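Below is one structure, written out as structure tokens, with a few remarks after it.
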Amino acid sequence: MITTKDALTGLCNRQDFLALLHEQVQQANESQTQLALAIIDINRFAQINATNSYAAGDAVLHHLAAKLRTVCRQRDYVARIGDNRFALLLPGILNRGHAELALQKLNRRLDEPFHSGDSRIDIRITAGVALCPEHATHAEYLLRKAEIALAQARDDGTSERFASDVSQGLELSDSWELEMQIDGAIQRGELQMHYQPQLRTSDLRVVGAEALMRWDRGDLGIVAPDVFIPVAERHGQIKQITIWALNTVLRQASEWSSDGHPFSVSVNLPGELASHRDLPELVENALRLWGQPHIQLVLEITERSLMDRHSSFSILQQVRALGVEISIDDFGTGYSCLAYFRNIPADELKIDKSFVTGLPADSGSADITQLIIDLAHRFGLRVVAEGVESAPALHLLKTRGCEIAQGFLLGRPMPPEAFRNWLDKYFASRPPKAEIATSI
Ligand code: C2E
Ligand code: CA
């Protein structure tokens, strides 16, 4: 049943592994046999990448995959289920000692020296193990119990840990079902980009749009990005989804009329991808295919993920060198360190909507908004306010120097066709500047 392989290691990928796990747990339940699931992380993997090279990181992943294969019996399965995360599935075991033995064997194999180029790399791993039926008799529970055991082993600084028998309040969640179905959502045409207009506060000219993703599951309804993006991130689909988004957005934007004026389109970039060395190439490819001279691509990255990943600064600089702008999203919630702010590779800052929706009545929010606007201008960034829901809020933002506004007051996110019609109507009926400025 395994069809998709992880390109680097040749192992089964996360999506196929989930389906396999489901199947194997079911079989273990039916045949009343035991099964062990070990989730394995490489210790200090980010450091290995940083102090050696990405090529060394890849070589380590490859090496671990090979060693994992050597501890497998014919009926066992091994998969790469995350960047730096592997799974070992051992069906038909007699007791937990069997899983312990497999991990001991793996550790012994990893004791053998490993060289990448001239440097010797010490590969250590941490594992969390859960047994079926002892710890769980459902695939989702089993996976989560093994992941919790792994997190506990990390906290304790031990190399492995078995799941505890306590239920820890785990509940079967919808996210498992989403996780099982997100693969193929692109191919099935279930993902869509919606567009929300952005207007210049000085004259209410539409200057751009933010692209917001939707997952349409047909009869099961629309899933919000807040729900499925984290699932896609967890399960290694986010890169593929972002490539799809970049290409779709640039293709659709190339069909917009913009009255001859430059027009921007903003795509949300998941934090994980901002430090991905492939990012500049992915963006360049999409621009080469669909880029238009009058369409300015903007990538939005949250303040929080930028602060967590200073390694992304140089990658974002490379992206900017392609003529793409960077916007710091949800600003005000991420506790930016001002020392870093000086070097931040950005062009725009978006005030988080939690400060904007309460304007102008909430004086605390008004103060913070003013501070953010001043800070941004001090560093030469333009400011966008999201979540503008009322005319008084818009007025306040304009008088405080915020250049661009986005929110339900000005336009909701719309499917591509509706947004195109909205733009056509906007440009066809756009009254003179002064008239619009007083009409809201
Ligand atoms: P975000 O980037 O902060 O996007 C703004 C959210 O505020 C959107 O929610 C938008 O529909 C909503 N919004 C817009 N105007 C108003 C307003 O006046 N009032 C209020 N209360 N809300 C407003 P949405 O579309 O549900 O997106 C939620 C989050 O999901 C986004 O937050 C973003 O973090 C993420 N997201 C959306 N599309 C993508 C995508 O293509 N890729 C990635 N990685 N993340 C995405
Ligand atoms: Ca955004």
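FYI, nothing fancy with the structure tokens labels: chains A, B, ... in order, residues from 1 per chain, ligands from 1 as they appear.
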Within 8 Å of ligand 1 (counting only C-alpha atoms and all ligand atoms), which residues show up? I'd like them as a PDB file with N, CA and C atoms, in the first residue's frame.
ATOM      1  N   MET A 193      -7.847  29.984  -2.648  1.00  0.00           N
ATOM      2  CA  MET A 193      -7.357  31.224  -2.065  1.00  0.00           C
ATOM      3  C   MET A 193      -8.482  32.250  -2.142  1.00  0.00           C
ATOM      4  N   HIS A 194      -8.737  32.918  -1.024  1.00  0.00           N
ATOM      5  CA  HIS A 194      -9.669  34.043  -1.019  1.00  0.00           C
ATOM      6  C   HIS A 194      -8.837  35.317  -0.881  1.00  0.00           C
ATOM      7  N   GLN A 196      -8.668  39.462   0.352  1.00  0.00           N
ATOM      8  CA  GLN A 196      -9.262  40.571   1.102  1.00  0.00           C
ATOM      9  C   GLN A 196      -8.548  41.867   0.696  1.00  0.00           C
ATOM     10  N   ALA A 211      -3.988  37.306   0.459  1.00  0.00           N
ATOM     11  CA  ALA A 211      -4.529  35.999   0.064  1.00  0.00           C
ATOM     12  C   ALA A 211      -4.710  35.151   1.316  1.00  0.00           C
ATOM     13  N   LEU A 212      -5.902  34.611   1.507  1.00  0.00           N
ATOM     14  CA  LEU A 212      -6.197  33.797   2.691  1.00  0.00           C
ATOM     15  C   LEU A 212      -6.733  32.444   2.238  1.00  0.00           C
ATOM     16  N   MET A 213      -6.167  31.393   2.783  1.00  0.00           N
ATOM     17  CA  MET A 213      -6.490  30.062   2.277  1.00  0.00           C
ATOM     18  C   MET A 213      -7.753  29.483   2.917  1.00  0.00           C
ATOM     19  N   ARG A 214      -8.485  28.711   2.142  1.00  0.00           N
ATOM     20  CA  ARG A 214      -9.670  27.995   2.638  1.00  0.00           C
ATOM     21  C   ARG A 214      -9.566  26.551   2.168  1.00  0.00           C
ATOM     22  N   ALA A 224     -11.344  26.357   8.431  1.00  0.00           N
ATOM     23  CA  ALA A 224     -10.592  27.615   8.530  1.00  0.00           C
ATOM     24  C   ALA A 224      -9.094  27.334   8.578  1.00  0.00           C
ATOM     25  N   PRO A 225      -8.299  28.280   8.056  1.00  0.00           N
ATOM     26  CA  PRO A 225      -6.838  28.049   8.025  1.00  0.00           C
ATOM     27  C   PRO A 225      -6.232  27.911   9.418  1.00  0.00           C
ATOM     28  N   ASP A 226      -6.826  28.591  10.404  1.00  0.00           N
ATOM     29  CA  ASP A 226      -6.321  28.452  11.780  1.00  0.00           C
ATOM     30  C   ASP A 226      -6.342  26.992  12.219  1.00  0.00           C
ATOM     31  N   VAL A 227      -7.276  26.218  11.646  1.00  0.00           N
ATOM     32  CA  VAL A 227      -7.421  24.805  12.017  1.00  0.00           C
ATOM     33  C   VAL A 227      -6.506  23.911  11.182  1.00  0.00           C
ATOM     34  N   ILE A 229      -3.961  24.728   8.882  1.00  0.00           N
ATOM     35  CA  ILE A 229      -2.534  25.046   8.653  1.00  0.00           C
ATOM     36  C   ILE A 229      -1.648  24.359   9.714  1.00  0.00           C
ATOM     37  N   ILE A 238       3.222  21.380   4.648  1.00  0.00           N
ATOM     38  CA  ILE A 238       3.105  22.837   4.538  1.00  0.00           C
ATOM     39  C   ILE A 238       3.916  23.404   3.382  1.00  0.00           C
ATOM     40  N   ILE A 241       1.911  22.906   0.227  1.00  0.00           N
ATOM     41  CA  ILE A 241       0.748  23.794   0.230  1.00  0.00           C
ATOM     42  C   ILE A 241       1.170  25.240  -0.060  1.00  0.00           C
ATOM     43  N   THR A 242       2.308  25.628   0.485  1.00  0.00           N
ATOM     44  CA  THR A 242       2.764  27.007   0.264  1.00  0.00           C
ATOM     45  C   THR A 242       3.205  27.213  -1.180  1.00  0.00           C
ATOM     46  N   ALA A 245       0.128  27.698  -3.011  1.00  0.00           N
ATOM     47  CA  ALA A 245      -0.452  29.020  -2.737  1.00  0.00           C
ATOM     48  C   ALA A 245       0.279  30.102  -3.537  1.00  0.00           C
ATOM     49  N   VAL A 267       1.016  36.969   0.576  1.00  0.00           N
ATOM     50  CA  VAL A 267       0.825  35.542   0.857  1.00  0.00           C
ATOM     51  C   VAL A 267       1.394  35.266   2.251  1.00  0.00           C
ATOM     52  N   ASN A 268       0.659  34.531   3.067  1.00  0.00           N
ATOM     53  CA  ASN A 268       1.155  34.184   4.399  1.00  0.00           C
ATOM     54  C   ASN A 268       2.186  33.069   4.290  1.00  0.00           C
ATOM     55  N   LEU A 269       3.324  33.318   4.913  1.00  0.00           N
ATOM     56  CA  LEU A 269       4.408  32.338   4.846  1.00  0.00           C
ATOM     57  C   LEU A 269       4.532  31.652   6.199  1.00  0.00           C
ATOM     58  N   PRO A 270       4.392  30.319   6.245  1.00  0.00           N
ATOM     59  CA  PRO A 270       4.531  29.658   7.543  1.00  0.00           C
ATOM     60  C   PRO A 270       5.942  29.844   8.080  1.00  0.00           C
ATOM     61  N   GLY A 271       6.046  30.023   9.396  1.00  0.00           N
ATOM     62  CA  GLY A 271       7.334  30.315  10.030  1.00  0.00           C
ATOM     63  C   GLY A 271       8.402  29.314   9.637  1.00  0.00           C
ATOM     64  N   GLU A 300       4.080  37.505   4.004  1.00  0.00           N
ATOM     65  CA  GLU A 300       3.832  37.868   5.403  1.00  0.00           C
ATOM     66  C   GLU A 300       4.365  36.765   6.301  1.00  0.00           C
ATOM     67  N   THR A 302       4.907  35.909  10.529  1.00  0.00           N
ATOM     68  CA  THR A 302       4.506  36.458  11.829  1.00  0.00           C
ATOM     69  C   THR A 302       5.730  36.891  12.623  1.00  0.00           C
ATOM     70  N   ASP A 329       3.873  40.073  10.208  1.00  0.00           N
ATOM     71  CA  ASP A 329       2.445  39.897  10.473  1.00  0.00           C
ATOM     72  C   ASP A 329       2.163  39.844  11.975  1.00  0.00           C
ATOM     73  N   ASP A 330       0.927  40.104  12.348  1.00  0.00           N
ATOM     74  CA  ASP A 330       0.466  39.998  13.742  1.00  0.00           C
ATOM     75  C   ASP A 330       1.391  40.751  14.687  1.00  0.00           C
ATOM     76  N   ASP A 352      -1.356  43.805  14.682  1.00  0.00           N
ATOM     77  CA  ASP A 352      -2.262  42.692  14.943  1.00  0.00           C
ATOM     78  C   ASP A 352      -3.692  43.200  15.172  1.00  0.00           C
ATOM     79  N   LYS A 353      -4.662  42.429  14.665  1.00  0.00           N
ATOM     80  CA  LYS A 353      -6.045  42.914  14.737  1.00  0.00           C
ATOM     81  C   LYS A 353      -6.556  43.031  16.175  1.00  0.00           C
ATOM     82  N   THR A 357      -9.299  46.110  16.459  1.00  0.00           N
ATOM     83  CA  THR A 357     -10.766  45.982  16.505  1.00  0.00           C
ATOM     84  C   THR A 357     -11.374  46.843  17.624  1.00  0.00           C
ATOM     85  N   GLU A 386      -4.724  45.511  10.267  1.00  0.00           N
ATOM     86  CA  GLU A 386      -5.729  44.505   9.883  1.00  0.00           C
ATOM     87  C   GLU A 386      -6.832  44.518  10.929  1.00  0.00           C
ATOM     88  N   GLY A 387      -8.013  44.036  10.539  1.00  0.00           N
ATOM     89  CA  GLY A 387      -9.130  43.993  11.497  1.00  0.00           C
ATOM     90  C   GLY A 387      -9.824  45.331  11.656  1.00  0.00           C
ATOM     91  N   VAL A 388      -9.821  46.150  10.593  1.00  0.00           N
ATOM     92  CA  VAL A 388     -10.509  47.453  10.667  1.00  0.00           C
ATOM     93  C   VAL A 388     -12.008  47.211  10.431  1.00  0.00           C
ATOM     94  N   GLU A 389     -12.770  47.424  11.473  1.00  0.00           N
ATOM     95  CA  GLU A 389     -14.197  47.078  11.395  1.00  0.00           C
ATOM     96  C   GLU A 389     -15.113  48.292  11.444  1.00  0.00           C
ATOM     97  N   GLN A 406      -7.040  47.229   6.294  1.00  0.00           N
ATOM     98  CA  GLN A 406      -7.663  45.997   5.797  1.00  0.00           C
ATOM     99  C   GLN A 406      -8.655  45.569   6.863  1.00  0.00           C
ATOM    100  N   GLY A 407      -9.850  45.185   6.475  1.00  0.00           N
ATOM    101  CA  GLY A 407     -10.812  44.734   7.481  1.00  0.00           C
ATOM    102  C   GLY A 407     -12.213  44.653   6.913  1.00  0.00           C
ATOM    103  N   PHE A 408     -13.113  44.107   7.733  1.00  0.00           N
ATOM    104  CA  PHE A 408     -14.480  43.872   7.264  1.00  0.00           C
ATOM    105  C   PHE A 408     -15.163  45.159   6.798  1.00  0.00           C
ATOM    106  N   LEU A 409     -14.771  46.308   7.384  1.00  0.00           N
ATOM    107  CA  LEU A 409     -15.361  47.582   6.963  1.00  0.00           C
ATOM    108  C   LEU A 409     -15.111  47.827   5.475  1.00  0.00           C
ATOM    109  N   GLY A 411     -13.840  45.457   3.138  1.00  0.00           N
ATOM    110  CA  GLY A 411     -14.088  44.308   2.265  1.00  0.00           C
ATOM    111  C   GLY A 411     -13.715  43.024   2.974  1.00  0.00           C
ATOM    112  N   ARG A 412     -14.579  42.020   2.861  1.00  0.00           N
ATOM    113  CA  ARG A 412     -14.295  40.707   3.468  1.00  0.00           C
ATOM    114  C   ARG A 412     -13.439  39.883   2.512  1.00  0.00           C
ATOM    115  N   PRO A 413     -12.799  38.819   3.007  1.00  0.00           N
ATOM    116  CA  PRO A 413     -12.101  37.923   2.065  1.00  0.00           C
ATOM    117  C   PRO A 413     -13.115  37.332   1.084  1.00  0.00           C
TER     118      PRO A 413
END
Could you pull out the strand (DSSP E) residues of segment 314-363 of chain A, going by DSSP on the backbone, and write them as a list in words?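 Restricting segment 314-363 of chain A to strand (DSSP E) produces Glu325, Ile326, Ser327, Ile328, Asp329, Asp330, Phe331, Glu348, Leu349, Lys350 and Ile351 of chain A.
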Output all heavy atoms for every residue in that selection, as a compact mmCIF listing (two decimals), in the first residue's frame.
# COMPACT_ATOMS: atom_id res chain seq x y z
N GLU A 325 8.63 41.72 -1.34
CA GLU A 325 8.65 42.46 -0.07
C GLU A 325 8.29 41.53 1.09
O GLU A 325 7.57 40.54 0.91
CB GLU A 325 7.69 43.64 -0.13
CG GLU A 325 8.17 44.67 -1.14
CD GLU A 325 7.38 45.97 -1.12
OE1 GLU A 325 6.24 45.98 -0.60
OE2 GLU A 325 7.90 46.97 -1.64
N ILE A 326 8.77 41.89 2.26
CA ILE A 326 8.48 41.08 3.46
C ILE A 326 7.66 41.93 4.43
O ILE A 326 7.99 43.09 4.69
CB ILE A 326 9.79 40.64 4.15
CG1 ILE A 326 10.69 39.85 3.19
CG2 ILE A 326 9.48 39.83 5.43
CD1 ILE A 326 10.16 38.51 2.73
N SER A 327 6.59 41.32 4.92
CA SER A 327 5.73 42.01 5.89
C SER A 327 5.76 41.24 7.21
O SER A 327 5.68 40.00 7.21
CB SER A 327 4.30 42.03 5.32
OG SER A 327 3.41 42.54 6.27
N ILE A 328 5.88 41.95 8.30
CA ILE A 328 5.86 41.27 9.61
C ILE A 328 4.43 41.28 10.12
O ILE A 328 3.85 42.34 10.40
CB ILE A 328 6.79 41.98 10.62
CG1 ILE A 328 8.16 42.17 9.98
CG2 ILE A 328 6.90 41.17 11.90
CD1 ILE A 328 9.08 43.01 10.80
N ASP A 329 3.87 40.07 10.21
CA ASP A 329 2.45 39.90 10.47
C ASP A 329 2.16 39.84 11.97
O ASP A 329 3.06 39.54 12.77
CB ASP A 329 2.02 38.56 9.83
CG ASP A 329 0.57 38.53 9.44
OD1 ASP A 329 -0.14 39.53 9.67
OD2 ASP A 329 0.12 37.49 8.92
N ASP A 330 0.93 40.10 12.35
CA ASP A 330 0.47 40.00 13.74
C ASP A 330 1.39 40.75 14.69
O ASP A 330 1.73 40.27 15.77
CB ASP A 330 0.41 38.52 14.19
CG ASP A 330 -0.56 37.70 13.35
OD1 ASP A 330 -1.38 38.31 12.65
OD2 ASP A 330 -0.48 36.46 13.38
N PHE A 331 1.84 41.92 14.26
CA PHE A 331 2.84 42.62 15.07
C PHE A 331 2.22 43.12 16.37
O PHE A 331 1.10 43.61 16.42
CB PHE A 331 3.45 43.80 14.29
CG PHE A 331 4.69 44.30 14.99
CD1 PHE A 331 5.91 43.68 14.79
CD2 PHE A 331 4.61 45.36 15.89
CE1 PHE A 331 7.04 44.10 15.47
CE2 PHE A 331 5.73 45.78 16.58
CZ PHE A 331 6.95 45.15 16.36
N GLU A 348 7.37 46.06 5.57
CA GLU A 348 6.04 46.42 6.06
C GLU A 348 5.79 45.75 7.40
O GLU A 348 6.34 44.70 7.69
CB GLU A 348 5.03 45.89 5.02
CG GLU A 348 3.58 46.04 5.36
CD GLU A 348 2.69 45.36 4.32
OE1 GLU A 348 2.54 45.90 3.20
OE2 GLU A 348 2.16 44.27 4.62
N LEU A 349 4.94 46.38 8.18
CA LEU A 349 4.60 45.81 9.48
C LEU A 349 3.07 45.83 9.61
O LEU A 349 2.45 46.84 9.30
CB LEU A 349 5.27 46.73 10.50
CG LEU A 349 5.41 46.29 11.91
CD1 LEU A 349 6.63 46.95 12.50
CD2 LEU A 349 4.18 46.72 12.64
N LYS A 350 2.50 44.70 10.00
CA LYS A 350 1.03 44.66 10.15
C LYS A 350 0.65 44.65 11.62
O LYS A 350 1.06 43.75 12.36
CB LYS A 350 0.46 43.40 9.48
CG LYS A 350 0.46 43.48 7.98
CD LYS A 350 -0.24 42.29 7.36
CE LYS A 350 -1.73 42.58 7.15
NZ LYS A 350 -2.34 41.54 6.28
N ILE A 351 -0.12 45.64 12.01
CA ILE A 351 -0.54 45.71 13.42
C ILE A 351 -1.56 44.60 13.65
O ILE A 351 -2.54 44.49 12.89
CB ILE A 351 -1.21 47.06 13.75
CG1 ILE A 351 -0.34 48.22 13.28
CG2 ILE A 351 -1.50 47.16 15.25
CD1 ILE A 351 -0.97 49.59 13.50
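Atom CA of Lys425 of chain A to atom CA of Gly221 of chain A spans 29.3 Å [interatomic distance, one decimal].
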Mind giving me the straight-line distance from atom CA of Gln34 of chain A to atom CA of Ser175 of chain A in Å, one decimal?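 Rounded to one decimal, the two atoms are 25.7 Å apart.
Proximity of A:Leu299, A:Leu142, A:Leu246, A:Ile81 to ligand 2, computed with only C-alpha atoms and all ligand atoms, is greatest for A:Leu299.
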All alpha helix (DSSP H) residues (DSSP, backbone) inside segment 96-230 of chain A, as a PyMOL selection string: chain A and resi 96-111+139-156+174-182+225-230
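Among A:Gln24, A:Asn13, A:Ser266, A:Asn421, the residue with the shortest atom-to-atom distance to ligand 2, counting only C-alpha atoms and all ligand atoms, is A:Ser266.
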Identify, on the basis of only C-alpha atoms, every residue whose closest approach to Gln26 of chain A does not exceed 12 Å; exclude the query and any residue fewer than 5 positions from it along the same chain; express the result as a VMD selection string. chain A and resid 19 to 21 31 to 35 91 132 to 133 136 to 140 142
Atoms to include: N, CA, C and O atoms. Write the selected residues as an mmCIF file, in the first residue's frame.
data_model
loop_
_atom_site.group_PDB
_atom_site.id
_atom_site.type_symbol
_atom_site.label_atom_id
_atom_site.label_comp_id
_atom_site.auth_asym_id
_atom_site.auth_seq_id
_atom_site.Cartn_x
_atom_site.Cartn_y
_atom_site.Cartn_z
ATOM 1 N N ALA A 19 -1.594 6.116 7.463
ATOM 2 C CA ALA A 19 -2.543 5.126 6.938
ATOM 3 C C ALA A 19 -2.104 3.719 7.345
ATOM 4 O O ALA A 19 -2.922 2.883 7.759
ATOM 5 N N LEU A 20 -0.809 3.495 7.271
ATOM 6 C CA LEU A 20 -0.247 2.192 7.628
ATOM 7 C C LEU A 20 -0.451 1.892 9.123
ATOM 8 O O LEU A 20 -0.821 0.786 9.515
ATOM 9 N N LEU A 21 -0.222 2.908 9.915
ATOM 10 C CA LEU A 21 -0.377 2.757 11.371
ATOM 11 C C LEU A 21 -1.825 2.369 11.697
ATOM 12 O O LEU A 21 -2.096 1.473 12.500
ATOM 13 N N SER A 31 -6.208 -9.457 15.663
ATOM 14 C CA SER A 31 -5.496 -10.717 15.901
ATOM 15 C C SER A 31 -5.015 -10.832 17.339
ATOM 16 O O SER A 31 -4.340 -11.800 17.699
ATOM 17 N N GLN A 32 -5.359 -9.816 18.146
ATOM 18 C CA GLN A 32 -4.972 -9.785 19.557
ATOM 19 C C GLN A 32 -3.471 -10.005 19.736
ATOM 20 O O GLN A 32 -3.032 -10.786 20.577
ATOM 21 N N THR A 33 -2.701 -9.290 18.893
ATOM 22 C CA THR A 33 -1.244 -9.319 19.039
ATOM 23 C C THR A 33 -0.786 -7.949 19.538
ATOM 24 O O THR A 33 -1.566 -7.006 19.560
ATOM 25 N N GLN A 34 0.481 -7.885 19.919
ATOM 26 C CA GLN A 34 1.006 -6.610 20.414
ATOM 27 C C GLN A 34 1.808 -5.896 19.341
ATOM 28 O O GLN A 34 2.425 -6.550 18.493
ATOM 29 N N LEU A 35 1.829 -4.587 19.465
ATOM 30 C CA LEU A 35 2.549 -3.772 18.484
ATOM 31 C C LEU A 35 3.246 -2.632 19.229
ATOM 32 O O LEU A 35 2.699 -2.112 20.197
ATOM 33 N N PRO A 91 5.216 -4.616 14.552
ATOM 34 C CA PRO A 91 4.024 -5.434 14.810
ATOM 35 C C PRO A 91 4.417 -6.810 15.362
ATOM 36 O O PRO A 91 5.566 -7.248 15.178
ATOM 37 N N CYS A 132 0.629 -1.093 21.758
ATOM 38 C CA CYS A 132 -0.787 -1.426 21.555
ATOM 39 C C CYS A 132 -0.942 -2.900 21.916
ATOM 40 O O CYS A 132 -0.164 -3.709 21.428
ATOM 41 N N PRO A 133 -1.817 -3.318 22.801
ATOM 42 C CA PRO A 133 -2.923 -2.556 23.390
ATOM 43 C C PRO A 133 -2.592 -1.924 24.751
ATOM 44 O O PRO A 133 -3.443 -1.231 25.295
ATOM 45 N N ALA A 136 -2.565 2.069 24.182
ATOM 46 C CA ALA A 136 -3.680 2.559 23.363
ATOM 47 C C ALA A 136 -4.067 1.507 22.340
ATOM 48 O O ALA A 136 -3.229 0.738 21.882
ATOM 49 N N THR A 137 -5.349 1.528 21.969
ATOM 50 C CA THR A 137 -5.808 0.571 20.962
ATOM 51 C C THR A 137 -6.346 1.306 19.736
ATOM 52 O O THR A 137 -7.069 0.744 18.921
ATOM 53 N N HIS A 138 -6.018 2.575 19.641
ATOM 54 C CA HIS A 138 -6.443 3.374 18.494
ATOM 55 C C HIS A 138 -5.197 4.088 17.962
ATOM 56 O O HIS A 138 -4.369 4.569 18.746
ATOM 57 N N ALA A 139 -5.083 4.141 16.637
ATOM 58 C CA ALA A 139 -3.855 4.678 16.034
ATOM 59 C C ALA A 139 -3.539 6.102 16.503
ATOM 60 O O ALA A 139 -2.398 6.421 16.819
ATOM 61 N N GLU A 140 -4.573 6.938 16.568
ATOM 62 C CA GLU A 140 -4.310 8.328 16.951
ATOM 63 C C GLU A 140 -3.786 8.425 18.381
ATOM 64 O O GLU A 140 -2.830 9.134 18.673
ATOM 65 N N LEU A 142 -2.282 6.097 20.021
ATOM 66 C CA LEU A 142 -0.963 5.464 20.096
ATOM 67 C C LEU A 142 0.126 6.455 19.663
ATOM 68 O O LEU A 142 1.141 6.614 20.339
#
Distance criterion (only C-alpha atoms): nearest to Glu233 of chain A out of A:Val207, A:Asp183, A:Phe419, A:Asn247: A:Asp183
For Gly334 of chain A, please output as a list in words all residues within 10 Å (counting only C-alpha atoms; exclusion window: fewer than 6 positions along the same chain).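 Those residues are Thr302, Glu303, Arg304, Ser305, Leu306, Met307, Asp308 and Asp352 of chain A.
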Residues within 12 Å of segment 152-160 of chain A, only C-alpha atoms, excluding chain neighbours under 5 positions, as a list in words: Ala38, Ile39, Ile40, Asp41, Ile42, Asn43, Arg44, Ala99, Glu100, Leu101, Ala102, Leu103, Gln104, Leu106, Asn107, Arg124, Ile125, Thr126, Ala127, Gly128, Val129, Ala130, Lys145, Ala146 and Glu147 of chain A
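Take the candidates A:Ala163, A:Ala418, A:Leu89, A:Ala56 and check each one against Asp122 of chain A using only C-alpha atoms; the shortest distance goes to A:Ala56.
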Shell of 12 Å around Leu394 of chain A, only C-alpha atoms, local chain residues under 4 positions omitted, as a ChimeraX atom specification: /A:199-204,356-360,366,384-390,398-410,437-438,440
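Between atom CA of His235 of chain A and atom CA of Leu131 of chain A the separation is 21.7 Å.
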Taking only C-alpha atoms and all ligand atoms into account, which of A:Thr70, A:Pro230, A:Val265, A:Ala391 comes nearest ligand 2? A:Val265
